[in-house]
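Novice: This structure is in structure tokens; I'll ask about it shortly.
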Amino acid sequence: MLDYAKAPGEPGLFAMDTPNYAPEHLTALAAAGCQMVLFTTGAGNSFVSGLIPTLKVCANRSSCDKLKEQFDVTLDDLLDQNRPATEGGTRIAKAVLDTAAGRLTWGEILGEGDDIVSRFGAAL
């Protein structure tokens, strides 16, 4: 378990102690050195980080239909057509590689992005 905004000291799988609020959470990941975020949402949360590319992933049919320009990877058809989860993994992996190679995310294309630093401890 990593403290807020603390970078891991070695390779591996880690969790970070952050607020659940997406802007604070993604800002903490960016401060720790994260270079890309896979942000899953069902309801269509529109937040993206202004510091790091945020790939938005959704499998909710209603959200995917209404918010096409918010999601970089849509997986609603996999659920509707009972397709294998590995197909979704392949799509996500391709989106990650494409973004790492320079393809812009929807958030970057639309000029969205914001960040919020959390305050801990006493404050005036």
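How things are named: the first chain in the structure tokens is A, the next is B, and so on; residues count from 1 in each chain; ligands count from 1 in the order shown.
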Within 12 Å of region 108-119 of chain A, which residues of region 56-76 of chain A show up? Give each one with its shortest atom-to-atom distance in Å (one decimal) and the two atoms involved, counting only C-alpha atoms, rows by chain then rising residue number, as JSON lines.
Specialist:
```
{"residue": "A:Lys56", "atom": "CA", "partner": "A:Glu108", "partner_atom": "CA", "distance": 11.5}
{"residue": "A:Glu69", "atom": "CA", "partner": "A:Leu110", "partner_atom": "CA", "distance": 8.6}
{"residue": "A:Gln70", "atom": "CA", "partner": "A:Leu110", "partner_atom": "CA", "distance": 9.1}
{"residue": "A:Phe71", "atom": "CA", "partner": "A:Ile109", "partner_atom": "CA", "distance": 11.7}
{"residue": "A:Asp72", "atom": "CA", "partner": "A:Glu108", "partner_atom": "CA", "distance": 10.8}
```
Novice: Keeping C-alpha atoms for every residue in the selection just given, could you write it to a file as a PDB file, in the first residue's frame?
Specialist:
```pdb
ATOM      1  CA  LYS A  56     -11.677   6.096 -20.467  1.00  0.00           C
ATOM      2  CA  GLU A  69     -16.952  11.229 -27.456  1.00  0.00           C
ATOM      3  CA  GLN A  70     -16.031  10.464 -23.855  1.00  0.00           C
ATOM      4  CA  PHE A  71     -14.779   6.893 -24.153  1.00  0.00           C
ATOM      5  CA  ASP A  72     -11.520   5.734 -25.690  1.00  0.00           C
TER       6      ASP A  72
END
```
Novice: Could you give me, as a PyMOL selection string, the residues within 12 Å of Thr27 (chain A), counting only C-alpha atoms and dropping anything in the same chain fewer than 5 positions from it?
Specialist: chain A and resi 4-6+16+18-22+32-37+47-54+113-118
Novice: Output C-alpha atoms for every residue in that selection, as a compact mmCIF listing (two decimals), in the first residue's frame.
Specialist:
```txt
# COMPACT_ATOMS: atom_id res chain seq x y z
CA TYR A 4 -0.79 9.44 -1.29
CA ALA A 5 1.40 10.46 -4.30
CA LYS A 6 4.25 8.11 -3.28
CA MET A 16 -2.47 3.81 -3.27
CA THR A 18 -6.17 8.17 -1.91
CA PRO A 19 -9.61 9.73 -1.67
CA ASN A 20 -12.16 8.02 -3.91
CA TYR A 21 -12.97 11.32 -5.67
CA ALA A 22 -11.54 10.87 -9.19
CA ALA A 32 3.71 9.39 -8.07
CA GLY A 33 4.96 9.15 -11.66
CA CYS A 34 2.09 7.31 -13.34
CA GLN A 35 2.31 7.92 -17.08
CA MET A 36 -1.12 6.74 -18.26
CA VAL A 37 -4.44 6.00 -16.57
CA PHE A 47 -13.26 13.61 -15.59
CA VAL A 48 -9.82 13.23 -17.20
CA SER A 49 -6.45 14.25 -15.82
CA GLY A 50 -4.73 17.31 -17.22
CA LEU A 51 -1.34 15.82 -16.28
CA ILE A 52 -1.42 12.34 -17.80
CA PRO A 53 -3.32 10.69 -20.66
CA THR A 54 -6.54 9.22 -19.31
CA GLY A 113 -8.46 17.86 -18.04
CA ASP A 114 -8.15 19.11 -14.53
CA ASP A 115 -6.33 18.18 -11.36
CA ILE A 116 -6.90 18.70 -7.65
CA VAL A 117 -4.34 18.42 -4.87
CA SER A 118 -5.73 17.02 -1.64
```
Novice: Could you list, as a ChimeraX atom specification, every residue within 6 Å of Asp76 (chain A), counting only C-alpha atoms and ignoring same-chain residues fewer than 4 positions away?
Specialist: /A:59-61
Novice: Based on the selection just made, write N, CA and C atoms of those residues as a PDB file, in the first residue's frame.
Specialist:
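File produced: result30.pdb:
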```pdb
ATOM      1  N   ALA A  59     -18.312  -0.142 -20.450  1.00  0.00           N
ATOM      2  CA  ALA A  59     -19.050  -1.267 -21.009  1.00  0.00           C
ATOM      3  C   ALA A  59     -20.558  -1.121 -20.793  1.00  0.00           C
ATOM      4  N   ASN A  60     -20.988   0.037 -20.345  1.00  0.00           N
ATOM      5  CA  ASN A  60     -22.410   0.294 -20.105  1.00  0.00           C
ATOM      6  C   ASN A  60     -23.045   0.751 -21.418  1.00  0.00           C
ATOM      7  N   ARG A  61     -23.976  -0.020 -21.946  1.00  0.00           N
ATOM      8  CA  ARG A  61     -24.605   0.263 -23.237  1.00  0.00           C
ATOM      9  C   ARG A  61     -25.208   1.665 -23.282  1.00  0.00           C
TER      10      ARG A  61
END
```
Novice: Write out as a short mmCIF file (atom, residue, chain, number, x, y, z; two decimals) with C-alpha atoms, in the first residue's frame the residues lying within 7 Å of Ser63 (chain A), counting only C-alpha atoms and excluding same-chain residues fewer than 3 positions away.
Specialist:
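That gives us around_22.cif:
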```
data_model
loop_
_atom_site.label_atom_id
_atom_site.label_comp_id
_atom_site.auth_asym_id
_atom_site.auth_seq_id
_atom_site.Cartn_x
_atom_site.Cartn_y
_atom_site.Cartn_z
CA GLY A 42 -20.15 2.87 -16.11
CA ALA A 43 -22.12 6.04 -15.51
CA GLY A 44 -19.95 8.13 -17.81
CA ASN A 60 -22.41 0.29 -20.11
CA LYS A 66 -25.13 8.69 -25.15
CA LEU A 67 -21.49 9.71 -24.59
#
```
Novice: Choose the residue, out of A:Ala30, A:Ala85, A:Leu79, A:Ala15, that has the smallest atom-to-atom separation from Leu2 (chain A); count only C-alpha atoms.
Specialist: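 Distance minimum relative to Leu2 (chain A) lands on A:Ala15.
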Novice: According to DSSP computed on the backbone, where in chain A is there strand (DSSP E)? Give the residues as a list in words.
Specialist: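 Restricting chain A to strand (DSSP E) produces Val37, Leu38, Phe39, Thr40, Thr54, Leu55, Lys56, Val57, Cys58, Val73 and Thr74 of chain A.
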Novice: Give me every alpha helix (DSSP H) residue in chain A, going by DSSP on the backbone, as a PyMOL selection string.
Specialist: chain A and resi 22-31+61-66+76-80+85-100+106-109
Novice: Excluding region 86-89 of chain A and its own-chain neighbours fewer than 3 positions away, which residues fall within 9 Å of it when counting only C-alpha atoms? Please give them as a list in words.
Specialist: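 These residues fall inside the cut-off: Val73, Thr74, Leu75, Leu78, Arg83, Ile92, Ala93 and Lys94 of chain A.
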Novice: For the selection you just gave me, I'd like the residues written to a file as a PDB file, in the first residue's frame, keeping C-alpha atoms.
Specialist:
```pdb
ATOM      1  CA  VAL A  73     -12.490   2.073 -25.380  1.00  0.00           C
ATOM      2  CA  THR A  74     -16.071   0.810 -25.451  1.00  0.00           C
ATOM      3  CA  LEU A  75     -16.834  -2.763 -24.489  1.00  0.00           C
ATOM      4  CA  LEU A  78     -18.912  -7.686 -25.628  1.00  0.00           C
ATOM      5  CA  ARG A  83     -18.104 -12.382 -26.391  1.00  0.00           C
ATOM      6  CA  ILE A  92      -7.594  -2.120 -24.111  1.00  0.00           C
ATOM      7  CA  ALA A  93      -4.006  -3.216 -24.812  1.00  0.00           C
ATOM      8  CA  LYS A  94      -4.213  -1.759 -28.332  1.00  0.00           C
TER       9      LYS A  94
END
```
